[in-house]
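For reference, the structure discussed in these notes is given below.
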Amino acid sequence: MDNLAKTIMVTTKCSAGCVHCPFSSSEMKNLSLSVERIIFLMESSQEELVILSGGEFFEYGQLTHLFEKLKMKSIKKFRIATGNYIPLNSYIQELRNLQNLDGISIGTDTFRDNPDQWINNLRLLQTKHIPYSLTFTLIKKYPFFLDFFLAVLAHYTLKPQFIYLRVDEDSLIAKKDEIQKLKTYFNATPFIEDIIH
Ligand code: SF4
């Protein structure tokens, strides 16, 4: 994925507090790019696709200004990456106005802390025809309740654009059953895999 798209970290801020994530560290400085810098980086990237990520994109301090710029017809195709713990209701109209939005990349790390909120966002995106993908990060020491997760997805017939699976080297063996379960469940969905080094 990194080779296909340019990732721009709009802010380091993220309040989700996932234990395995560097953005949760108290040592992480709270930094954000200016809107002008973000647009410059988008326009000057060689890749066809830009991913606007964090930290947490929806905690970026100048979202209204940024959304205005992202509406420009000339803006490069982009995705928004989110941890999906912030309700998206108040952003949905802005998201629908973004002509060059390729989709929302939804992290699954916060699912177990607040599954209702997490699933509500996906149902909202699906209802409003805003495409979304799911990113799974499997790390050996960090448990993930895959069976429950897949049961919820099946219940609501949620259909992501693609699955992005990130696995650390230890988990390739330790979590091979979970990886296989994911691939079986999403056998009709495009699947991208990455190893975390
Ligand atoms: S939501 Fe994403 S960026 Fe935020 S702490 Fe969790 S894994 Fe890190």
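Following the order of the structure tokens, chains are lettered A, B, ..., residues in each are numbered from 1, and ligands are numbered from 1.
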
Query - Close residues to ligand 1 using only C-alpha atoms and all ligand atoms, limit 6 Å, as JSON, numbers by chain - result: {"A": [14, 16, 17, 18, 21, 23, 24, 55, 56, 83, 109]}

Requested in this report: Do a neighbour search on A:Leu158 at 8 Å with only C-alpha atoms, toss out local chain neighbours closer than 3 positions, and write the hits as a VMD selection string.
Outcome: chain A and resid 122 to 123 126 153 to 154

Within 12 Å of stretch 117-121 of chain A: each stretch 148-191 of chain A residue with its shortest pair, only C-alpha atoms, as CSV:
residue,atom,partner,partner_atom,distance
A:Phe149,CA,A:Ile119,CA,9.8
A:Leu150,CA,A:Ile119,CA,11.6
A:Ala151,CA,A:Ile119,CA,11.8
A:Val152,CA,A:Ile119,CA,8.1
A:Leu153,CA,A:Ile119,CA,8.2
A:Ala154,CA,A:Ile119,CA,11.5
A:His155,CA,A:Ile119,CA,10.7
A:Tyr156,CA,A:Ile119,CA,8.7
A:Thr157,CA,A:Ile119,CA,11.1
A:Leu158,CA,A:Ile119,CA,9.2

Give me a file of those residues, with C-alpha atoms, as a PDB file, in the first residue's frame.
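The result, written out as part.pdb:
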ATOM      1  CA  PHE A 149     -16.172  -8.914  14.854  1.00  0.00           C
ATOM      2  CA  LEU A 150     -17.056 -11.074  11.846  1.00  0.00           C
ATOM      3  CA  ALA A 151     -20.438 -11.966  13.360  1.00  0.00           C
ATOM      4  CA  VAL A 152     -21.261  -8.243  13.660  1.00  0.00           C
ATOM      5  CA  LEU A 153     -20.162  -7.537  10.073  1.00  0.00           C
ATOM      6  CA  ALA A 154     -22.284 -10.410   8.814  1.00  0.00           C
ATOM      7  CA  HIS A 155     -25.300  -9.279  10.831  1.00  0.00           C
ATOM      8  CA  TYR A 156     -25.278  -5.839   9.209  1.00  0.00           C
ATOM      9  CA  THR A 157     -24.138  -7.104   5.781  1.00  0.00           C
ATOM     10  CA  LEU A 158     -21.365  -4.549   5.683  1.00  0.00           C
TER      11      LEU A 158
END

Requested in this report: Enumerate as an MDAnalysis selection string all residues of stretch 17-164 of chain A assigned to alpha helix (DSSP H) by DSSP on the backbone, naming them with the chain letters and numbers the document uses.
Outcome: chainID A and resid 35:44 63:70 92:96 115:127 146:155

Writer output for current selection, C-alpha atoms, as a compact mmCIF listing (two decimals), in the first residue's frame:
# COMPACT_ATOMS: atom_id res chain seq x y z
CA VAL A 35 -3.92 23.19 5.57
CA GLU A 36 -1.69 24.90 3.00
CA ARG A 37 1.10 22.39 3.66
CA ILE A 38 -1.29 19.43 3.31
CA ILE A 39 -2.56 20.71 -0.02
CA PHE A 40 0.98 21.39 -1.23
CA LEU A 41 2.05 17.85 -0.29
CA MET A 42 -0.97 16.41 -2.07
CA GLU A 43 -0.35 18.42 -5.21
CA SER A 44 3.34 17.63 -5.34
CA LEU A 63 -11.08 20.36 9.52
CA THR A 64 -13.58 22.92 8.20
CA HIS A 65 -10.84 24.76 6.33
CA LEU A 66 -9.33 21.52 5.11
CA PHE A 67 -12.67 20.19 3.84
CA GLU A 68 -13.15 23.42 1.86
CA LYS A 69 -9.81 22.85 0.08
CA LEU A 70 -10.47 19.15 -0.46
CA ILE A 92 -21.21 13.04 6.66
CA GLN A 93 -22.41 15.89 4.46
CA GLU A 94 -18.87 17.25 4.13
CA LEU A 95 -17.67 13.79 3.15
CA ARG A 96 -20.39 13.47 0.52
CA PRO A 115 -18.33 -1.76 19.03
CA ASP A 116 -21.68 0.05 18.85
CA GLN A 117 -20.10 3.36 17.91
CA TRP A 118 -17.72 1.66 15.53
CA ILE A 119 -20.47 -0.19 13.69
CA ASN A 120 -22.79 2.85 13.60
CA ASN A 121 -20.20 4.75 11.58
CA LEU A 122 -19.94 1.96 9.05
CA ARG A 123 -23.69 1.66 8.71
CA LEU A 124 -23.89 5.42 8.19
CA LEU A 125 -21.20 5.38 5.49
CA GLN A 126 -22.87 2.48 3.75
CA THR A 127 -26.30 4.16 3.85
CA LEU A 146 -12.24 -11.78 15.39
CA ASP A 147 -15.22 -14.14 15.72
CA PHE A 148 -17.36 -11.47 17.38
CA PHE A 149 -16.17 -8.91 14.85
CA LEU A 150 -17.06 -11.07 11.85
CA ALA A 151 -20.44 -11.97 13.36
CA VAL A 152 -21.26 -8.24 13.66
CA LEU A 153 -20.16 -7.54 10.07
CA ALA A 154 -22.28 -10.41 8.81
CA HIS A 155 -25.30 -9.28 10.83

Stretch 21-188 of chain A: which residues are strand (DSSP E or B) by DSSP, as an mmCIF file with C-alpha atoms, in the first residue's frame?
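Saved to part-v5.cif:
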data_model
loop_
_atom_site.group_PDB
_atom_site.id
_atom_site.type_symbol
_atom_site.label_atom_id
_atom_site.label_comp_id
_atom_site.auth_asym_id
_atom_site.auth_seq_id
_atom_site.Cartn_x
_atom_site.Cartn_y
_atom_site.Cartn_z
ATOM 1 C CA SER A 32 -0.265 19.224 12.990
ATOM 2 C CA LEU A 49 -3.482 8.309 -4.504
ATOM 3 C CA VAL A 50 -2.957 10.211 -1.254
ATOM 4 C CA ILE A 51 -3.951 8.919 2.164
ATOM 5 C CA LEU A 52 -4.696 11.585 4.754
ATOM 6 C CA SER A 53 -4.027 10.008 8.125
ATOM 7 C CA PHE A 78 -7.393 10.746 -1.774
ATOM 8 C CA ARG A 79 -8.543 8.541 1.054
ATOM 9 C CA ILE A 80 -9.116 9.473 4.675
ATOM 10 C CA ALA A 81 -7.794 7.073 7.317
ATOM 11 C CA THR A 82 -9.532 7.006 10.678
ATOM 12 C CA LEU A 101 -12.618 11.088 -2.115
ATOM 13 C CA ASP A 102 -11.729 7.500 -2.985
ATOM 14 C CA GLY A 103 -13.035 6.171 0.319
ATOM 15 C CA ILE A 104 -12.507 6.012 4.064
ATOM 16 C CA SER A 105 -9.902 3.612 5.450
ATOM 17 C CA ILE A 106 -11.341 2.362 8.720
ATOM 18 C CA GLY A 107 -9.053 0.997 11.418
ATOM 19 C CA TYR A 132 -14.874 2.409 2.997
ATOM 20 C CA SER A 133 -12.188 -0.214 3.485
ATOM 21 C CA LEU A 134 -11.142 -2.036 6.651
ATOM 22 C CA THR A 135 -7.597 -2.108 8.013
ATOM 23 C CA PHE A 136 -6.674 -4.980 10.318
ATOM 24 C CA THR A 137 -3.457 -4.724 12.308
ATOM 25 C CA LEU A 138 -2.608 -8.084 13.832
ATOM 26 C CA ILE A 139 0.090 -7.947 16.471
ATOM 27 C CA TYR A 142 -2.562 -7.633 21.144
ATOM 28 C CA ILE A 163 -9.284 -5.349 3.226
ATOM 29 C CA TYR A 164 -5.857 -4.085 4.216
ATOM 30 C CA LEU A 165 -4.162 -6.595 6.498
ATOM 31 C CA ARG A 166 -1.027 -5.598 8.413
ATOM 32 C CA VAL A 167 0.699 -8.360 10.342
ATOM 33 C CA ASP A 168 3.876 -8.337 12.387
#

**Report entry** Given only C-alpha atoms as the counted atoms, nearest of A:Ala188, A:Leu33, A:Ile179, A:Ile130 to A:Leu88
**Finding:**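 Closest to A:Leu88, using only C-alpha atoms: A:Ile130.
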
Query raised in the report: By how many Å are atom CA of A:Ser74 and atom CA of A:Pro87 apart?
Result: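 We find that atom CA of A:Ser74 and atom CA of A:Pro87 lie 28.7 Å from each other.
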